[in-house]
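Source file: structure21.cif; contents: mmCIF, C-alpha atoms.
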data_structure
loop_
_atom_site.label_atom_id
_atom_site.label_comp_id
_atom_site.auth_asym_id
_atom_site.auth_seq_id
_atom_site.Cartn_x
_atom_site.Cartn_y
_atom_site.Cartn_z
CA MET A 13 9.97 -21.34 22.74
CA ALA A 14 11.21 -18.73 20.27
CA LEU A 15 14.63 -17.24 21.04
CA TRP A 16 15.71 -13.80 19.80
CA LEU A 17 19.37 -14.09 18.78
CA LYS A 18 19.33 -10.46 17.59
CA GLU A 19 16.83 -7.77 18.54
CA GLY A 20 16.06 -4.49 16.82
CA ILE A 21 15.08 -1.07 18.08
CA SER A 22 12.59 -1.05 20.99
CA GLU A 23 8.92 -0.26 20.45
CA GLU A 24 9.27 2.70 22.81
CA GLU A 25 12.10 4.27 20.80
CA ASP A 26 10.25 3.61 17.56
CA ALA A 27 7.13 5.31 18.96
CA LYS A 28 9.23 8.30 20.04
CA ASN A 29 10.56 8.69 16.50
CA LEU A 30 7.03 8.51 15.10
CA GLY A 31 5.92 11.21 17.51
CA LYS A 32 8.41 13.66 15.99
CA VAL A 33 7.16 12.81 12.51
CA ARG A 34 3.54 13.31 13.55
CA LYS A 35 4.04 16.92 14.67
CA THR A 36 5.98 17.86 11.53
CA VAL A 37 3.29 16.44 9.26
CA GLU A 38 0.50 18.12 11.19
CA ASP A 39 2.11 21.54 10.79
CA VAL A 40 2.79 21.03 7.06
CA LEU A 41 -0.77 19.91 6.29
CA ASP A 42 -2.20 22.88 8.18
CA ASP A 43 0.02 25.18 6.14
CA ILE A 44 -1.14 23.65 2.85
CA LYS A 45 -4.78 23.88 3.93
CA ASN A 46 -4.39 27.57 4.77
CA ARG A 47 -2.10 28.80 1.98
CA GLY A 48 -2.46 26.29 -0.86
CA ASP A 49 0.01 26.75 -3.70
CA GLU A 50 2.08 29.27 -1.77
CA ALA A 51 2.72 26.75 1.00
CA VAL A 52 3.42 23.93 -1.47
CA ARG A 53 6.06 26.03 -3.24
CA VAL A 54 7.78 27.04 0.00
CA LEU A 55 7.77 23.44 1.23
CA SER A 56 9.08 22.10 -2.07
CA LEU A 57 11.96 24.56 -1.97
CA LYS A 58 12.68 23.72 1.67
CA PHE A 59 12.57 19.93 1.44
CA ASP A 60 13.57 19.24 -2.18
CA ASN A 61 15.28 22.46 -3.28
CA TRP A 62 12.76 22.45 -6.13
CA ASN A 63 11.03 25.60 -7.35
CA PRO A 64 9.92 25.21 -10.99
CA GLU A 65 7.64 27.64 -12.81
CA LYS A 66 4.93 24.97 -12.74
CA PHE A 67 4.83 21.70 -10.84
CA ARG A 68 2.58 20.05 -13.42
CA LEU A 69 4.57 18.71 -16.35
CA SER A 70 3.57 19.77 -19.84
CA GLU A 71 3.18 17.37 -22.76
CA GLY A 72 6.51 18.65 -24.05
CA GLN A 73 8.29 17.94 -20.79
CA ILE A 74 6.82 14.44 -20.67
CA ALA A 75 7.89 13.76 -24.25
CA LYS A 76 11.40 15.01 -23.48
CA CYS A 77 11.65 12.61 -20.53
CA MET A 78 10.56 9.69 -22.70
CA GLU A 79 12.96 10.62 -25.49
CA SER A 80 15.86 10.60 -23.03
CA LEU A 81 15.32 6.93 -22.12
CA PRO A 82 16.84 4.05 -24.08
CA GLN A 83 14.28 1.89 -25.88
CA GLN A 84 15.17 -1.09 -23.67
CA ALA A 85 14.10 0.83 -20.57
CA ILE A 86 10.79 1.76 -22.18
CA ASP A 87 10.23 -1.85 -23.27
CA ASP A 88 10.98 -3.08 -19.74
CA ILE A 89 8.50 -0.60 -18.24
CA LYS A 90 5.87 -1.73 -20.74
CA PHE A 91 6.53 -5.39 -19.88
CA ALA A 92 6.14 -4.77 -16.15
CA GLN A 93 2.96 -2.76 -16.66
CA ALA A 94 1.52 -5.50 -18.86
CA GLN A 95 1.96 -8.03 -16.03
CA ILE A 96 0.41 -5.72 -13.43
CA ARG A 97 -2.44 -4.71 -15.74
CA ASN A 98 -3.20 -8.34 -16.59
CA PHE A 99 -3.39 -9.45 -12.94
CA ALA A 100 -5.47 -6.39 -12.02
CA LYS A 101 -7.94 -7.29 -14.79
CA ILE A 102 -8.13 -10.84 -13.45
CA GLN A 103 -8.88 -9.45 -9.99
CA LYS A 104 -11.50 -7.08 -11.34
CA ASN A 105 -13.21 -9.93 -13.16
CA ALA A 106 -13.58 -11.66 -9.79
CA LEU A 107 -15.86 -8.78 -8.69
CA ARG A 108 -19.48 -9.12 -9.71
CA ASP A 109 -22.52 -6.91 -9.48
CA VAL A 110 -25.37 -8.87 -7.90
CA GLU A 111 -29.17 -8.62 -7.85
CA VAL A 112 -31.39 -11.21 -6.19
CA GLU A 113 -34.98 -11.58 -4.99
CA THR A 114 -34.52 -12.53 -1.33
CA LEU A 115 -38.24 -12.62 -0.54
CA PRO A 116 -41.21 -12.35 -2.92
CA GLY A 117 -41.12 -8.74 -4.12
CA VAL A 118 -37.85 -7.84 -2.32
CA ILE A 119 -34.98 -7.15 -4.74
CA LEU A 120 -31.54 -6.55 -3.20
CA GLY A 121 -28.31 -5.91 -5.04
CA HIS A 122 -24.98 -4.21 -5.14
CA LYS A 123 -22.99 -2.39 -7.78
CA ASN A 124 -19.21 -2.04 -7.96
CA LEU A 125 -18.47 1.60 -8.72
CA PRO A 126 -14.98 3.08 -9.24
CA VAL A 127 -13.80 6.01 -7.14
CA GLY A 128 -14.07 9.27 -9.08
CA SER A 129 -10.50 10.54 -8.72
CA VAL A 130 -7.27 9.25 -7.20
CA GLY A 131 -3.96 10.89 -6.38
CA CYS A 132 -1.03 8.48 -6.72
CA TYR A 133 2.22 9.16 -4.90
CA VAL A 134 5.41 7.69 -6.36
CA PRO A 135 8.48 7.86 -4.08
CA GLY A 136 11.63 9.03 -5.79
CA GLY A 137 13.81 11.21 -3.62
CA LYS A 138 16.33 8.55 -2.58
CA TYR A 139 15.65 5.93 -5.25
CA PRO A 140 13.58 6.50 -8.39
CA MET A 141 10.74 4.09 -7.56
CA VAL A 142 9.56 3.52 -11.11
CA ALA A 143 7.58 0.42 -10.12
CA SER A 144 5.33 2.37 -7.78
CA ALA A 145 3.89 4.19 -10.78
CA HIS A 146 2.75 0.87 -12.23
CA MET A 147 1.26 -0.36 -8.99
CA SER A 148 -1.08 2.54 -8.27
CA ILE A 149 -1.80 4.21 -11.62
CA VAL A 150 -2.26 1.07 -13.73
CA THR A 151 -4.44 -0.53 -11.05
CA ALA A 152 -6.61 2.57 -10.63
CA LYS A 153 -7.14 2.80 -14.38
CA VAL A 154 -8.11 -0.88 -14.60
CA ALA A 155 -10.62 -0.20 -11.82
CA GLY A 156 -12.19 2.48 -14.02
CA VAL A 157 -11.11 5.65 -12.18
CA ASP A 158 -11.77 8.65 -14.45
CA ARG A 159 -9.12 11.04 -13.13
CA VAL A 160 -5.78 9.76 -11.90
CA ILE A 161 -3.11 12.29 -11.01
CA ALA A 162 0.44 11.38 -10.06
CA CYS A 163 3.17 13.06 -8.05
CA ALA A 164 6.84 12.18 -7.64
CA PRO A 165 9.62 14.29 -6.15
CA PRO A 166 12.43 15.62 -8.31
CA TYR A 167 15.46 13.38 -8.49
CA LYS A 168 18.80 15.18 -8.41
CA GLY A 169 17.24 18.44 -9.47
CA SER A 170 14.79 17.41 -12.18
CA PRO A 171 11.87 15.07 -12.87
CA HIS A 172 13.18 11.53 -13.24
CA PRO A 173 12.69 10.45 -16.87
CA ALA A 174 11.88 6.83 -16.05
CA ILE A 175 9.30 7.73 -13.41
CA VAL A 176 7.63 10.24 -15.72
CA THR A 177 7.61 7.71 -18.56
CA ALA A 178 6.08 5.06 -16.31
CA MET A 179 3.41 7.49 -15.10
CA TYR A 180 2.52 8.44 -18.67
CA LEU A 181 2.42 4.86 -19.99
CA ALA A 182 0.38 3.81 -16.96
CA GLY A 183 -2.33 6.30 -17.94
CA ALA A 184 -1.92 9.22 -15.53
CA ASP A 185 -4.11 12.18 -16.51
CA GLU A 186 -1.94 14.77 -14.74
CA ILE A 187 1.73 14.44 -13.78
CA TYR A 188 3.43 16.63 -11.17
CA ALA A 189 7.07 16.90 -10.12
CA LEU A 190 6.27 17.31 -6.44
CA GLY A 191 7.27 15.21 -3.46
CA GLY A 192 6.74 14.38 0.17
CA ILE A 193 4.09 15.70 2.51
CA GLN A 194 3.46 18.66 0.22
CA ALA A 195 2.50 16.34 -2.66
CA VAL A 196 0.18 14.18 -0.58
CA GLY A 197 -1.35 17.24 1.07
CA ALA A 198 -1.91 19.04 -2.24
CA MET A 199 -3.59 16.02 -3.83
CA ALA A 200 -5.82 15.42 -0.82
CA LEU A 201 -6.70 18.98 0.18
CA GLY A 202 -6.41 20.71 -3.18
CA THR A 203 -4.76 24.03 -3.98
CA GLN A 204 -5.42 26.85 -6.41
CA THR A 205 -3.84 24.81 -9.24
CA ILE A 206 -4.31 21.20 -8.11
CA LYS A 207 -7.87 19.95 -7.83
CA ALA A 208 -8.37 17.71 -4.80
CA THR A 209 -8.86 13.98 -5.31
CA ASP A 210 -11.24 11.56 -3.59
CA MET A 211 -8.50 9.15 -2.61
CA ILE A 212 -4.73 8.91 -2.10
CA ALA A 213 -2.67 5.85 -2.98
CA GLY A 214 0.95 4.81 -3.04
CA PRO A 215 3.81 4.05 -0.64
CA GLY A 216 6.31 6.45 0.87
CA ASN A 217 8.58 7.20 3.80
CA ALA A 218 7.44 7.74 7.37
CA PHE A 219 6.36 11.32 6.61
CA VAL A 220 4.23 10.29 3.63
CA ALA A 221 2.67 7.45 5.62
CA GLU A 222 1.86 9.81 8.49
CA ALA A 223 0.38 12.37 6.11
CA LYS A 224 -1.95 9.69 4.74
CA ARG A 225 -2.91 8.69 8.27
CA GLN A 226 -3.80 12.27 9.21
CA LEU A 227 -5.73 12.81 5.98
CA SER A 228 -7.67 9.57 6.24
CA GLY A 229 -11.36 10.41 6.53
CA ARG A 230 -11.06 13.66 4.61
CA VAL A 231 -10.09 11.47 1.66
CA GLY A 232 -9.90 7.74 1.20
CA ILE A 233 -6.53 6.05 1.37
CA ASP A 234 -5.36 2.73 0.03
CA LEU A 235 -3.58 1.64 3.21
CA PHE A 236 -0.85 2.77 5.60
CA ALA A 237 2.24 1.75 3.64
CA GLY A 238 5.20 2.92 5.68
CA PRO A 239 8.85 1.82 5.71
CA THR A 240 9.45 -1.52 3.97
CA GLU A 241 9.44 -4.66 6.12
CA THR A 242 10.68 -8.12 5.20
CA LEU A 243 10.51 -11.43 7.01
CA VAL A 244 12.50 -14.41 5.75
CA ILE A 245 11.29 -17.79 7.02
CA ALA A 246 13.98 -20.38 6.34
CA ASP A 247 15.34 -23.75 7.38
CA GLU A 248 18.45 -25.80 6.65
CA THR A 249 17.42 -26.31 3.01
CA VAL A 250 18.86 -22.88 2.09
CA ASP A 251 22.10 -21.14 2.93
CA GLY A 252 23.15 -17.92 4.59
CA GLU A 253 24.12 -16.25 1.32
CA MET A 254 20.56 -16.54 -0.01
CA CYS A 255 19.01 -15.34 3.25
CA ALA A 256 21.44 -12.44 3.64
CA THR A 257 20.88 -11.33 0.06
CA ASP A 258 17.11 -11.28 0.50
CA LEU A 259 17.25 -9.49 3.86
CA LEU A 260 19.62 -6.75 2.67
CA GLY A 261 17.72 -6.48 -0.60
CA GLN A 262 14.83 -4.98 1.34
CA ALA A 263 16.81 -3.28 4.14
CA GLU A 264 18.26 -0.94 1.50
CA HIS A 265 14.85 0.75 1.20
CA GLY A 266 15.60 2.91 4.23
CA PRO A 267 17.43 3.11 7.56
CA ASN A 268 14.24 2.17 9.43
CA SER A 269 13.27 -0.85 7.30
CA PRO A 270 12.94 -3.99 9.49
CA ALA A 271 14.58 -7.14 8.10
CA ILE A 272 13.93 -10.29 10.13
CA LEU A 273 15.18 -13.88 9.83
CA LEU A 274 12.92 -16.52 11.34
CA THR A 275 14.48 -19.99 11.34
CA THR A 276 14.61 -23.41 12.95
CA SER A 277 18.32 -23.72 12.21
CA ARG A 278 20.86 -22.12 14.56
CA ALA A 279 23.59 -22.87 12.03
CA LEU A 280 21.69 -20.99 9.31
CA ALA A 281 21.10 -18.08 11.68
CA MET A 282 24.84 -17.76 12.44
CA ASP A 283 25.78 -18.24 8.79
CA THR A 284 23.31 -15.54 7.72
CA VAL A 285 24.64 -13.00 10.22
CA LEU A 286 28.21 -13.61 9.04
CA GLU A 287 27.13 -13.38 5.40
CA ILE A 288 25.31 -10.09 6.04
CA GLU A 289 28.48 -8.54 7.43
CA LYS A 290 30.39 -9.85 4.41
CA GLN A 291 27.89 -8.46 1.89
CA LEU A 292 27.73 -5.09 3.64
CA LYS A 293 31.40 -4.60 2.74
CA ILE A 294 30.63 -4.64 -0.99
CA LEU A 295 26.93 -3.69 -1.32
CA GLU A 296 26.56 -0.28 -3.00
CA THR A 297 23.66 0.62 -0.69
CA ALA A 298 25.45 -0.65 2.43
CA GLU A 299 25.22 2.66 4.27
CA VAL A 300 21.42 2.52 4.34
CA ALA A 301 21.01 -1.26 4.49
CA GLY A 302 23.63 -1.55 7.23
CA GLN A 303 21.92 0.99 9.45
CA ALA A 304 18.57 -0.73 8.95
CA TRP A 305 20.09 -4.09 9.85
CA ARG A 306 21.88 -2.79 12.93
CA GLU A 307 18.88 -0.91 14.31
CA TYR A 308 15.89 -2.88 13.04
CA GLY A 309 17.25 -6.30 12.06
CA GLN A 310 16.25 -9.37 14.04
CA VAL A 311 17.16 -13.05 14.11
CA ILE A 312 14.66 -15.40 15.76
CA LEU A 313 15.23 -19.10 16.41
CA CYS A 314 12.17 -21.37 16.64
CA GLU A 315 11.72 -25.03 17.55
CA ASP A 316 9.65 -26.07 14.54
CA ASP A 317 7.56 -24.87 11.58
CA SER A 318 4.43 -24.46 13.70
CA GLU A 319 6.21 -22.07 16.05
CA MET A 320 7.53 -20.12 13.06
CA VAL A 321 3.92 -19.71 11.86
CA GLU A 322 2.89 -18.45 15.30
CA VAL A 323 5.73 -15.91 15.49
CA ALA A 324 5.28 -14.81 11.88
CA ASP A 325 1.58 -14.10 12.43
CA GLN A 326 2.49 -12.00 15.46
CA ILE A 327 5.01 -10.00 13.40
CA ALA A 328 2.49 -9.61 10.52
CA SER A 329 5.20 -8.46 8.13
CA GLU A 330 4.67 -6.63 4.87
CA HIS A 331 6.70 -9.19 2.89
CA VAL A 332 7.09 -12.81 3.97
CA GLN A 333 9.53 -14.98 2.04
CA VAL A 334 9.41 -18.71 2.74
CA MET A 335 12.43 -20.87 1.92
CA THR A 336 11.78 -24.20 3.62
CA LYS A 337 11.41 -27.84 2.66
CA ASN A 338 7.61 -27.47 2.66
CA PRO A 339 6.61 -23.89 1.72
CA ASP A 340 3.01 -24.90 1.02
CA PHE A 341 2.60 -25.57 4.77
CA PHE A 342 3.09 -21.84 5.33
CA LEU A 343 0.69 -20.98 2.49
CA ARG A 344 -1.96 -23.05 4.31
CA GLU A 345 -1.23 -21.90 7.84
CA LEU A 346 -0.10 -18.26 7.74
CA LYS A 347 -2.81 -15.65 8.25
CA ASN A 348 -1.09 -12.28 8.69
CA TYR A 349 1.11 -11.02 5.85
CA GLY A 350 1.08 -8.42 3.10
CA ALA A 351 2.43 -10.66 0.35
CA LEU A 352 3.82 -14.17 0.43
CA PHE A 353 6.78 -15.44 -1.64
CA LEU A 354 7.04 -19.22 -1.69
CA GLY A 355 10.30 -21.03 -2.35
CA PRO A 356 13.85 -19.82 -3.06
CA GLU A 357 13.03 -19.42 -6.77
CA THR A 358 10.95 -16.31 -6.08
CA ASN A 359 11.77 -13.26 -3.98
CA VAL A 360 10.39 -9.92 -2.86
CA SER A 361 12.16 -8.06 -5.65
CA PHE A 362 10.06 -9.92 -8.24
CA GLY A 363 6.90 -8.71 -6.51
CA ASP A 364 8.29 -5.22 -6.06
CA LYS A 365 9.11 -4.69 -9.71
CA VAL A 366 7.57 -6.89 -12.33
CA ILE A 367 5.80 -10.19 -11.65
CA GLY A 368 2.27 -8.75 -11.56
CA THR A 369 1.14 -8.67 -7.92
CA ASN A 370 0.99 -5.27 -6.25
CA HIS A 371 3.86 -4.02 -4.11
CA THR A 372 1.92 -1.47 -2.07
CA LEU A 373 1.35 -3.52 1.06
CA PRO A 374 0.37 -3.15 4.74
CA THR A 375 3.10 -2.35 7.28
CA ARG A 376 3.31 -1.95 11.06
CA LYS A 377 1.15 -5.04 11.69
CA ALA A 378 -1.71 -3.75 9.53
CA ALA A 379 -1.61 -7.14 7.77
CA ARG A 380 -3.66 -8.37 10.74
CA TYR A 381 -6.72 -6.66 9.24
CA THR A 382 -6.04 -5.72 5.61
CA GLY A 383 -4.35 -6.94 2.48
CA GLY A 384 -2.39 -4.85 0.03
CA LEU A 385 -3.38 -2.54 -2.78
CA TRP A 386 -5.46 -4.19 -5.49
CA VAL A 387 -8.07 -3.16 -8.02
CA GLY A 388 -10.83 -3.54 -5.40
CA LYS A 389 -9.33 -0.73 -3.29
CA PHE A 390 -10.39 1.72 -5.98
CA ILE A 391 -13.92 0.34 -6.17
CA LYS A 392 -16.90 1.06 -3.92
CA THR A 393 -19.40 -1.76 -3.47
CA CYS A 394 -22.73 0.04 -3.04
CA THR A 395 -26.01 -1.68 -2.20
CA TYR A 396 -29.54 -0.93 -3.40
CA GLN A 397 -33.05 -2.27 -2.86
CA LYS A 398 -36.38 -2.38 -4.72
CA VAL A 399 -39.61 -3.51 -3.01
CA SER A 400 -43.06 -4.34 -4.35
CA PRO A 401 -46.15 -2.89 -2.61
CA GLU A 402 -47.02 -6.25 -1.06
CA ALA A 403 -43.48 -6.79 0.18
CA SER A 404 -43.34 -3.24 1.54
CA ALA A 405 -46.34 -3.96 3.77
CA LEU A 406 -44.86 -7.26 4.97
CA ILE A 407 -41.39 -5.89 5.71
CA GLY A 408 -43.00 -2.78 7.22
CA GLU A 409 -44.77 -4.77 9.91
CA TYR A 410 -41.51 -6.34 11.09
CA CYS A 411 -39.68 -3.03 10.81
CA SER A 412 -42.35 -1.21 12.82
CA ARG A 413 -42.09 -3.62 15.72
CA LEU A 414 -38.29 -3.60 15.70
CA CYS A 415 -38.20 0.21 15.64
CA ALA A 416 -40.56 0.30 18.63
CA LEU A 417 -38.24 -2.12 20.41
CA GLU A 418 -35.40 0.38 19.98
CA GLY A 419 -37.49 3.46 20.73
CA PHE A 420 -37.07 5.01 17.27
CA ALA A 421 -40.45 6.70 16.71
CA GLY A 422 -39.47 8.38 13.45
CA HIS A 423 -38.14 5.15 12.01
CA LYS A 424 -41.36 3.40 13.08
CA ALA A 425 -43.43 6.05 11.31
CA GLN A 426 -41.55 5.38 8.06
CA ALA A 427 -42.58 1.74 8.27
CA ASP A 428 -46.13 2.40 9.48
CA ILE A 429 -47.05 4.73 6.60
CA ARG A 430 -46.12 2.00 4.13
CA VAL A 431 -48.06 -0.67 6.01
CA ALA A 432 -51.09 1.63 5.94
CA ARG A 433 -50.77 2.51 2.24
CA TYR A 434 -49.68 -0.80 0.76
CA GLY A 435 -51.22 -3.32 3.17
CA THR A 436 -54.36 -5.32 2.51
CA LYS A 437 -57.42 -3.09 2.62
#
Can you present the structure in this file as structure tokens?
Amino acid sequence: MALWLKEGISEEEDAKNLGKVRKTVEDVLDDIKNRGDEAVRVLSLKFDNWNPEKFRLSEGQIAKCMESLPQQAIDDIKFAQAQIRNFAKIQKNALRDVEVETLPGVILGHKNLPVGSVGCYVPGGKYPMVASAHMSIVTAKVAGVDRVIACAPPYKGSPHPAIVTAMYLAGADEIYALGGIQAVGAMALGTQTIKATDMIAGPGNAFVAEAKRQLSGRVGIDLFAGPTETLVIADETVDGEMCATDLLGQAEHGPNSPAILLTTSRALAMDTVLEIEKQLKILETAEVAGQAWREYGQVILCEDDSEMVEVADQIASEHVQVMTKNPDFFLRELKNYGALFLGPETNVSFGDKVIGTNHTLPTRKAARYTGGLWVGKFIKTCTYQKVSPEASALIGEYCSRLCALEGFAGHKAQADIRVARYGTK
């Protein structure tokens, strides 16, 4: 039976914190809906101390950002985007339009159609999340989206050059220096200067995630990507230094980022806890990572690999890193995860930044019912049908009787008129 050697914040306290976020977001979105640009400007000044003449960056401003970066940084961004673009193209090629004659004279099919416009949010207030520009913008463009706009908050009083460069190279059609709820709300609802989009994509903090949740239905969303979560599944084949490094490497995302060790080795569990305390003394982001570990970190001891699979599927973590003697066992058996990282040679940071898979992933147990962002999220699979006169009469007879069974007289009439017109005279 699994034993919790360290527990994190309770579900009740977590829900209480979310309740406070929910009310704030609701009020902000209502303000944007009612006042548009005026509300966005007030909110930007309030939350980011940012009040430029225009939130949309000009071509000159974009060029200036790019010119301020060293060539190596630009080359690195291009390399990362090439990996993400390549894998997105591979995924898109797995999607096929279909058309088939299912009965004589009955043609059914579907077409894969890109969403018309997408608003991509790139977090950047605490850390300049350059990689998030690749993940949403590049993927949307590969999907065939015509209009992709991108928003990121100012970083230390100005647009971050690397984020802007990544947005531009990814193919964004409009770039805005605008953050938080006000950015998501403006892209979804529209303002006097920002035309609303059909869909919102990209990760963010708890406020951004809640804004997407409240806007879902008015616009499409990719998924609810809230605070980063990581689960390390490990046994005695690795050491505490490796586990601690990988746990803190994700805990630094924010003070409410869960980092969980799931292991069959009590010795590894103790070693990892000691190593975490050691690394927190020298880690530059220790203030944030330490709070996340203290309040949301967990250590769980299991009897065997099968029990670790059971517990891991219950946790349904955003990132699951497997460092065991037989990682392929977990590839076969695990069902609920955002992204899986197999073996000590890989790690979540590779997936976050450069390897080619998408880092916008389900959180808060959403991995039970959805995967992460991929090219298919920006594509609608829409069905169609064509029917010959003879087939219309045949299908109509069945449809008529089934409509009568359900009491739908109008539906029945639709079938009956075709039986009468196209049936055998």
Just want the 12 Å neighbourhood of Gln83 in chain A, counted on all atoms listed in the file, with same-chain residues fewer than 6 positions away dropped. Output as a ChimeraX atom specification.
/A:89-90,174,177
List the residues matched by the PyMOL selection byres ((chain A and resi 349) around 12) in the displayed structure as a ChimeraX atom specification, ordered by chain and then by residue number.
/A:241-244,321,323-334,342-343,345-348,350-353,373-384
To one decimal in Å, tell me the separation between CA of Asp247 in chain A and CA of Leu274 in chain A.
8.6 Å
Step by step, work through what the PyMOL selection byres ((chain A and resi 222) around 9) selects in the shown file, and finish by giving those residues as a PyMOL selection string.
chain A and resi 30+33-34+37-38+193+217-221+223-227+236+238
Give as a ChimeraX atom specification the set of residues within 12 Å of the point (-44.8, -3.5, -1.5), where distances use the file's coordinates and all atoms listed in the file.
/A:115-119,397-409,427,429-436
Take the selection from the previous step and output its residues with C-alpha atoms, as a PDB file, in the coordinates of the input.
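Once written, selection-v9.pdb looks like this:
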ATOM      1  CA  LEU A 115     -38.240 -12.620  -0.540  1.00  0.00           C
ATOM      2  CA  PRO A 116     -41.210 -12.350  -2.920  1.00  0.00           C
ATOM      3  CA  GLY A 117     -41.120  -8.740  -4.120  1.00  0.00           C
ATOM      4  CA  VAL A 118     -37.850  -7.840  -2.320  1.00  0.00           C
ATOM      5  CA  ILE A 119     -34.980  -7.150  -4.740  1.00  0.00           C
ATOM      6  CA  GLN A 397     -33.050  -2.270  -2.860  1.00  0.00           C
ATOM      7  CA  LYS A 398     -36.380  -2.380  -4.720  1.00  0.00           C
ATOM      8  CA  VAL A 399     -39.610  -3.510  -3.010  1.00  0.00           C
ATOM      9  CA  SER A 400     -43.060  -4.340  -4.350  1.00  0.00           C
ATOM     10  CA  PRO A 401     -46.150  -2.890  -2.610  1.00  0.00           C
ATOM     11  CA  GLU A 402     -47.020  -6.250  -1.060  1.00  0.00           C
ATOM     12  CA  ALA A 403     -43.480  -6.790   0.180  1.00  0.00           C
ATOM     13  CA  SER A 404     -43.340  -3.240   1.540  1.00  0.00           C
ATOM     14  CA  ALA A 405     -46.340  -3.960   3.770  1.00  0.00           C
ATOM     15  CA  LEU A 406     -44.860  -7.260   4.970  1.00  0.00           C
ATOM     16  CA  ILE A 407     -41.390  -5.890   5.710  1.00  0.00           C
ATOM     17  CA  GLY A 408     -43.000  -2.780   7.220  1.00  0.00           C
ATOM     18  CA  GLU A 409     -44.770  -4.770   9.910  1.00  0.00           C
ATOM     19  CA  ALA A 427     -42.580   1.740   8.270  1.00  0.00           C
ATOM     20  CA  ILE A 429     -47.050   4.730   6.600  1.00  0.00           C
ATOM     21  CA  ARG A 430     -46.120   2.000   4.130  1.00  0.00           C
ATOM     22  CA  VAL A 431     -48.060  -0.670   6.010  1.00  0.00           C
ATOM     23  CA  ALA A 432     -51.090   1.630   5.940  1.00  0.00           C
ATOM     24  CA  ARG A 433     -50.770   2.510   2.240  1.00  0.00           C
ATOM     25  CA  TYR A 434     -49.680  -0.800   0.760  1.00  0.00           C
ATOM     26  CA  GLY A 435     -51.220  -3.320   3.170  1.00  0.00           C
ATOM     27  CA  THR A 436     -54.360  -5.320   2.510  1.00  0.00           C
TER      28      THR A 436
END
Nearby residues (all atoms listed in the file) at most 8 Å from Glu315 in chain A, same-chain spacing under 2 positions excluded, as a PyMOL selection string:
chain A and resi 13-14+276+313+317+319-320
Prev. selection, C-alpha atoms, output as a PDB file, in the coordinates of the input:
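Output below, filename again-v4.pdb:
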ATOM      1  CA  MET A  13       9.970 -21.340  22.740  1.00  0.00           C
ATOM      2  CA  ALA A  14      11.210 -18.730  20.270  1.00  0.00           C
ATOM      3  CA  THR A 276      14.610 -23.410  12.950  1.00  0.00           C
ATOM      4  CA  LEU A 313      15.230 -19.100  16.410  1.00  0.00           C
ATOM      5  CA  ASP A 317       7.560 -24.870  11.580  1.00  0.00           C
ATOM      6  CA  GLU A 319       6.210 -22.070  16.050  1.00  0.00           C
ATOM      7  CA  MET A 320       7.530 -20.120  13.060  1.00  0.00           C
TER       8      MET A 320
END
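Note that CA of Arg108 in chain A and CA of Tyr396 in chain A are 14.4 Å apart.
Between Leu57 in chain A and the candidates A:Thr257, A:Gly192, A:Gly252, A:Pro270, the tightest atom-to-atom separation, counting all atoms listed in the file, involves A:Gly192.
In this model, the gap between CA of Gln291 in chain A and CA of Ile272 in chain A comes to 16.3 Å.
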Reference answer for the PyMOL selection byres ((chain A and resi 135) around 8), as a VMD selection string:
chain A and resid 133 to 134 136 to 137 139 to 141 144 164 to 165 191 to 192 215 to 217
